[in-house]
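Have a look at the structure below before the remarks.
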Amino acid sequence: MLTTPPTEATNPAAVPSWTVGDLTIHRIDEVGLPPETGPWLLPEATPEVVAQHDWLQPDFADQNGVLRLASHSFAFTLGGLRVLVDTGIGNGKTRANPAWHDLHTDYLQRLTAAGFAPDLVDLVVLTHLHADHVGWNTRAHDGAWVPTFPNARYVVSRAEREFWAGYAMDEPRRQMFRDSVHPVEDAGLLDLVDVPPQGIDIAAGLRLVPTPGHTPGHVAVGISSHGASALITGDCLHHPVQFAHPALGSCVDINPEQARATRRSLLSSLAGSETTLLGTHFPPPTAGRVIADKDAYRLAPIAALTPPTV
C-alpha cells in the first residue's frame, strides 16, 4: 500500500492548483492507490486496451499499461466560502479494502497548508457516499468519531442519501456509515439537496450536476468564475482511459448502463469547450480539457501552477 501522495512535490506546502476565472482550485493529496487498484476497479482496462492510446502514458499509466490512480480532494474559495469537494479515505478507518484500511497520512496538514484549516472550511460537497469520498468527514477524538469540519455544512444529494437508507448494506458499508456519515448527521451538519435533471446552484458559481449511474444520486461539481468554468468529476469518470472508451465501466457502478450513458453525455457536452475537468481519482497532471478524438475523446492535460518557493 502506498502512503505517499502522487503529488509534484512531497512538501505539504507545495499544493498543486489551477486558476479558473478569479479563483484557484487546489488539489489536496491524500494517497496514491496501489497498482492492483486499476485491474480491480476497471477490469476491462487491460494493458492491451491502454496500449492503444499513447497519450495515456506515462502520466496516466505506466510502461506496462497499469493504470495510475489516486485519492485527493479539491479545495477553493468562492464568494468568501471555503469549499472542499469530497473528503477522501480518512485516517484510522476500519476498511475491507487493504489500500484504504487504517491509513495515517498528512492530509490535514496539506489541507491546512493550502489555507483550509478544518475549522475554517465552510462547505463540504460530497459527490456521493462511498468510503473513499467521505472518510475525512470525521476524525477520531477521545474514542469517538467527530466531524472534522465542525463549522461547515456538509452537502449531498437527497437521492443519494435516500438510496443508501433503503439499501441492504453489507457490514463494511455499515461500518463506513457509522464512522463517516452518521456522526455528521447526528451533529446536524448534513444538508440534503434535491438535484433536478438540469442541476442546481447551491451558491453563486457552484453547481451540483446530476451524473447518476455510479450511484443513483451521484453529482459532479461545476464551478464558474468570470466566464471560466471547471467541473470536478467525482466517480462518473474514474480514469482518463474512459475518455477513449466511455463504455468501460467500474466494477462498483450501481447501474452500469446508466453510468455509461452519463459518461457519454458528459464527455460529449464538454468536448471542445474551455472547461477545466478535474478528476477526483486522476493522478498528476489531474486536470485537462476534453478533446474529441475519432469516435471518442482524450484528455489534453493542463499543468498545475508552480507552487511558491518557501
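Each chain in the C-alpha cells gets a letter, A, B, ..., in the order shown, and its residues are numbered from 1; ligands are numbered from 1 in order too.
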- Filtered DSSP result for segment 34-275 of chain A, state strand (DSSP E or B), as a PyMOL selection string: chain A and resi 61+67+70-78+81-85+123-125+138-141+144-147+153-157+190-193+200-203+206-210+219-225+228-232
- Work out how far atom CA of Glu274 of chain A is from atom CA of Ala296 of chain A, in Å to one decimal.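 Those two atoms sit 17.7 Å apart.
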- Excluding same-chain residues fewer than 3 positions from Met176 of chain A, what lies within 12 Å of it counting only C-alpha atoms, as a ChimeraX atom specification? /A:89-90,92-97,100-101,129-138,145,164,169-173,179-183
- Message: List as a list in words the protein and nucleic acid residues near Arg260 of chain A, meaning an atom at most 7 Å away when only C-alpha atoms are counted, but skip any in the same chain fewer than 4 places from it.
- Response: Pro246, Ala247, Gly249, Pro256 and Arg264 of chain A
- For segment 44-59 of chain A, list every protein, DNA or RNA residue within 10 Å, evaluated using only C-alpha atoms, and leave out those in the same chain fewer than 2 positions away; present the list as a VMD selection string. chain A and resid 38 to 42 61 to 68 239 to 242 244 to 245 247 to 251 282 to 286 298 to 301
Got a sec to tell me which of segment 110-307 of chain A DSSP assigns to alpha helix (DSSP H), as an mmCIF file with N, CA and C atoms, in the first residue's frame?
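Result went into states_33.cif, see below:
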data_model
loop_
_atom_site.group_PDB
_atom_site.id
_atom_site.type_symbol
_atom_site.label_atom_id
_atom_site.label_comp_id
_atom_site.auth_asym_id
_atom_site.auth_seq_id
_atom_site.Cartn_x
_atom_site.Cartn_y
_atom_site.Cartn_z
ATOM 1 N N ARG A 110 -1.732 19.004 4.732
ATOM 2 C CA ARG A 110 -1.762 19.523 3.363
ATOM 3 C C ARG A 110 -2.934 20.483 3.177
ATOM 4 N N LEU A 111 -4.061 20.107 3.729
ATOM 5 C CA LEU A 111 -5.240 20.960 3.627
ATOM 6 C C LEU A 111 -4.984 22.296 4.323
ATOM 7 N N THR A 112 -4.400 22.251 5.496
ATOM 8 C CA THR A 112 -4.096 23.469 6.241
ATOM 9 C C THR A 112 -3.069 24.316 5.506
ATOM 10 N N ALA A 113 -2.062 23.659 4.899
ATOM 11 C CA ALA A 113 -1.035 24.391 4.154
ATOM 12 C C ALA A 113 -1.623 25.143 2.973
ATOM 13 N N ALA A 131 -16.856 5.073 0.479
ATOM 14 C CA ALA A 131 -15.867 5.173 1.554
ATOM 15 C C ALA A 131 -14.678 6.057 1.211
ATOM 16 N N ASP A 132 -14.280 6.081 -0.059
ATOM 17 C CA ASP A 132 -13.109 6.865 -0.446
ATOM 18 C C ASP A 132 -13.469 8.302 -0.818
ATOM 19 N N HIS A 133 -14.676 8.727 -0.467
ATOM 20 C CA HIS A 133 -15.099 10.106 -0.710
ATOM 21 C C HIS A 133 -15.630 10.788 0.548
ATOM 22 N N VAL A 134 -15.778 10.029 1.624
ATOM 23 C CA VAL A 134 -16.362 10.591 2.849
ATOM 24 C C VAL A 134 -15.482 10.413 4.085
ATOM 25 N N ARG A 158 -30.125 14.523 -2.083
ATOM 26 C CA ARG A 158 -31.128 13.770 -1.330
ATOM 27 C C ARG A 158 -31.303 12.365 -1.908
ATOM 28 N N ALA A 159 -31.254 12.250 -3.234
ATOM 29 C CA ALA A 159 -31.413 10.935 -3.863
ATOM 30 C C ALA A 159 -30.325 9.971 -3.414
ATOM 31 N N GLU A 160 -29.126 10.480 -3.212
ATOM 32 C CA GLU A 160 -28.015 9.637 -2.769
ATOM 33 C C GLU A 160 -28.248 9.123 -1.353
ATOM 34 N N ARG A 161 -28.576 10.029 -0.446
ATOM 35 C CA ARG A 161 -28.764 9.600 0.948
ATOM 36 C C ARG A 161 -29.958 8.671 1.077
ATOM 37 N N GLU A 162 -31.027 8.958 0.374
ATOM 38 C CA GLU A 162 -32.216 8.126 0.494
ATOM 39 C C GLU A 162 -32.011 6.752 -0.130
ATOM 40 N N PHE A 163 -31.196 6.669 -1.182
ATOM 41 C CA PHE A 163 -30.899 5.350 -1.760
ATOM 42 C C PHE A 163 -30.224 4.455 -0.738
ATOM 43 N N TRP A 164 -29.194 4.973 -0.091
ATOM 44 C CA TRP A 164 -28.456 4.146 0.864
ATOM 45 C C TRP A 164 -29.289 3.855 2.113
ATOM 46 N N ALA A 165 -30.212 4.731 2.455
ATOM 47 C CA ALA A 165 -31.079 4.477 3.602
ATOM 48 C C ALA A 165 -31.939 3.241 3.384
ATOM 49 N N GLU A 171 -21.631 -5.425 5.965
ATOM 50 C CA GLU A 171 -21.040 -4.870 7.175
ATOM 51 C C GLU A 171 -19.978 -3.805 6.889
ATOM 52 N N PRO A 172 -19.080 -3.973 5.889
ATOM 53 C CA PRO A 172 -18.111 -2.899 5.625
ATOM 54 C C PRO A 172 -18.775 -1.560 5.296
ATOM 55 N N ARG A 173 -19.878 -1.605 4.556
ATOM 56 C CA ARG A 173 -20.540 -0.346 4.227
ATOM 57 C C ARG A 173 -21.262 0.227 5.448
ATOM 58 N N ARG A 174 -21.844 -0.637 6.264
ATOM 59 C CA ARG A 174 -22.455 -0.143 7.501
ATOM 60 C C ARG A 174 -21.414 0.510 8.395
ATOM 61 N N GLN A 175 -20.214 -0.084 8.442
ATOM 62 C CA GLN A 175 -19.130 0.494 9.228
ATOM 63 C C GLN A 175 -18.773 1.881 8.720
ATOM 64 N N MET A 176 -18.707 2.032 7.406
ATOM 65 C CA MET A 176 -18.385 3.329 6.826
ATOM 66 C C MET A 176 -19.429 4.376 7.193
ATOM 67 N N PHE A 177 -20.695 4.000 7.160
ATOM 68 C CA PHE A 177 -21.738 4.949 7.546
ATOM 69 C C PHE A 177 -21.640 5.289 9.029
ATOM 70 N N ARG A 178 -21.330 4.281 9.859
ATOM 71 C CA ARG A 178 -21.214 4.545 11.305
ATOM 72 C C ARG A 178 -20.095 5.526 11.618
ATOM 73 N N ASP A 179 -18.959 5.395 10.935
ATOM 74 C CA ASP A 179 -17.821 6.240 11.326
ATOM 75 C C ASP A 179 -17.691 7.526 10.510
ATOM 76 N N SER A 180 -18.339 7.608 9.343
ATOM 77 C CA SER A 180 -18.082 8.757 8.476
ATOM 78 C C SER A 180 -19.317 9.509 7.999
ATOM 79 N N HIS A 182 -22.910 8.952 9.791
ATOM 80 C CA HIS A 182 -23.806 9.169 10.928
ATOM 81 C C HIS A 182 -23.322 10.256 11.894
ATOM 82 N N PRO A 183 -22.014 10.356 12.206
ATOM 83 C CA PRO A 183 -21.611 11.434 13.131
ATOM 84 C C PRO A 183 -21.901 12.831 12.583
ATOM 85 N N VAL A 184 -21.828 12.997 11.276
ATOM 86 C CA VAL A 184 -22.146 14.293 10.675
ATOM 87 C C VAL A 184 -23.643 14.555 10.758
ATOM 88 N N GLU A 185 -24.425 13.523 10.478
ATOM 89 C CA GLU A 185 -25.885 13.654 10.618
ATOM 90 C C GLU A 185 -26.274 13.937 12.061
ATOM 91 N N ASP A 186 -25.684 13.196 12.981
ATOM 92 C CA ASP A 186 -26.034 13.365 14.391
ATOM 93 C C ASP A 186 -25.687 14.756 14.904
ATOM 94 N N VAL A 241 -8.642 6.702 -19.193
ATOM 95 C CA VAL A 241 -8.883 5.650 -20.187
ATOM 96 C C VAL A 241 -10.359 5.614 -20.584
ATOM 97 N N GLN A 242 -11.238 6.090 -19.713
ATOM 98 C CA GLN A 242 -12.668 6.100 -20.021
ATOM 99 C C GLN A 242 -13.043 7.189 -21.024
ATOM 100 N N PHE A 243 -12.145 8.147 -21.266
ATOM 101 C CA PHE A 243 -12.378 9.103 -22.343
ATOM 102 C C PHE A 243 -12.313 8.367 -23.676
ATOM 103 N N ALA A 244 -11.325 7.507 -23.810
ATOM 104 C CA ALA A 244 -11.151 6.745 -25.048
ATOM 105 C C ALA A 244 -12.169 5.629 -25.181
ATOM 106 N N PRO A 256 -24.631 0.097 -14.237
ATOM 107 C CA PRO A 256 -23.616 0.248 -15.287
ATOM 108 C C PRO A 256 -24.130 0.891 -16.565
ATOM 109 N N GLU A 257 -25.342 0.546 -16.985
ATOM 110 C CA GLU A 257 -25.877 1.125 -18.219
ATOM 111 C C GLU A 257 -26.066 2.624 -18.076
ATOM 112 N N GLN A 258 -26.608 3.048 -16.952
ATOM 113 C CA GLN A 258 -26.799 4.479 -16.718
ATOM 114 C C GLN A 258 -25.451 5.188 -16.593
ATOM 115 N N ALA A 259 -24.472 4.547 -15.956
ATOM 116 C CA ALA A 259 -23.137 5.142 -15.825
ATOM 117 C C ALA A 259 -22.507 5.367 -17.195
ATOM 118 N N ARG A 260 -22.679 4.408 -18.108
ATOM 119 C CA ARG A 260 -22.140 4.575 -19.465
ATOM 120 C C ARG A 260 -22.823 5.738 -20.174
ATOM 121 N N ALA A 261 -24.134 5.816 -20.055
ATOM 122 C CA ALA A 261 -24.859 6.910 -20.705
ATOM 123 C C ALA A 261 -24.433 8.260 -20.138
ATOM 124 N N THR A 262 -24.235 8.324 -18.821
ATOM 125 C CA THR A 262 -23.785 9.561 -18.181
ATOM 126 C C THR A 262 -22.423 9.977 -18.711
ATOM 127 N N ARG A 263 -21.481 9.032 -18.805
ATOM 128 C CA ARG A 263 -20.147 9.376 -19.305
ATOM 129 C C ARG A 263 -20.207 9.903 -20.730
ATOM 130 N N ARG A 264 -20.945 9.205 -21.572
ATOM 131 C CA ARG A 264 -21.032 9.639 -22.973
ATOM 132 C C ARG A 264 -21.622 11.045 -23.076
ATOM 133 N N SER A 265 -22.696 11.281 -22.353
ATOM 134 C CA SER A 265 -23.348 12.589 -22.404
ATOM 135 C C SER A 265 -22.429 13.682 -21.876
ATOM 136 N N LEU A 266 -21.760 13.412 -20.760
ATOM 137 C CA LEU A 266 -20.886 14.418 -20.165
ATOM 138 C C LEU A 266 -19.707 14.737 -21.068
ATOM 139 N N LEU A 267 -19.051 13.712 -21.591
ATOM 140 C CA LEU A 267 -17.895 13.941 -22.453
ATOM 141 C C LEU A 267 -18.295 14.670 -23.729
ATOM 142 N N SER A 268 -19.462 14.308 -24.281
ATOM 143 C CA SER A 268 -19.937 14.991 -25.480
ATOM 144 C C SER A 268 -20.192 16.470 -25.207
ATOM 145 N N SER A 269 -20.748 16.772 -24.046
ATOM 146 C CA SER A 269 -21.065 18.162 -23.713
ATOM 147 C C SER A 269 -19.816 19.001 -23.468
ATOM 148 N N LEU A 270 -18.739 18.354 -23.041
ATOM 149 C CA LEU A 270 -17.515 19.083 -22.704
ATOM 150 C C LEU A 270 -16.519 19.156 -23.857
#
- Any idea what's packed within 6 Å of Ile291 of chain A, counting only C-alpha atoms, ignoring anything in its chain fewer than 6 positions away? Could you give it as a list in words?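 So, after excluding close chain neighbours, the residues are Ala271, Gly272, Tyr297 and Arg298 of chain A.
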Output for the residues just chosen: C-alpha atoms as an mmCIF file, in the first residue's frame:
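Written output follows (out-v5.cif):
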data_model
loop_
_atom_site.group_PDB
_atom_site.id
_atom_site.type_symbol
_atom_site.label_atom_id
_atom_site.label_comp_id
_atom_site.auth_asym_id
_atom_site.auth_seq_id
_atom_site.Cartn_x
_atom_site.Cartn_y
_atom_site.Cartn_z
ATOM 1 C CA ALA A 271 -15.656 18.178 -25.904
ATOM 2 C CA GLY A 272 -14.047 21.226 -27.472
ATOM 3 C CA TYR A 297 -12.295 11.516 -26.629
ATOM 4 C CA ARG A 298 -8.976 12.222 -24.959
#
- Message: What does the structure give for the distance between atom CA of Gln198 of chain A and atom CA of Thr211 of chain A, in Å to one decimal?
- Response: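 Separating atom CA of Gln198 of chain A from atom CA of Thr211 of chain A is a distance of 10.4 Å.
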- Task: Could you check which of A:Ile223, A:Ala70, A:Val155, A:Leu206 is closest to Asp194 of chain A, using only C-alpha atoms?
- Result: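 Under the stated criterion, the closest residue is A:Val155.
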- Separating atom CA of Ala75 of chain A from atom CA of Gly288 of chain A, to the nearest tenth of an Å, is a gap of 17.2 Å
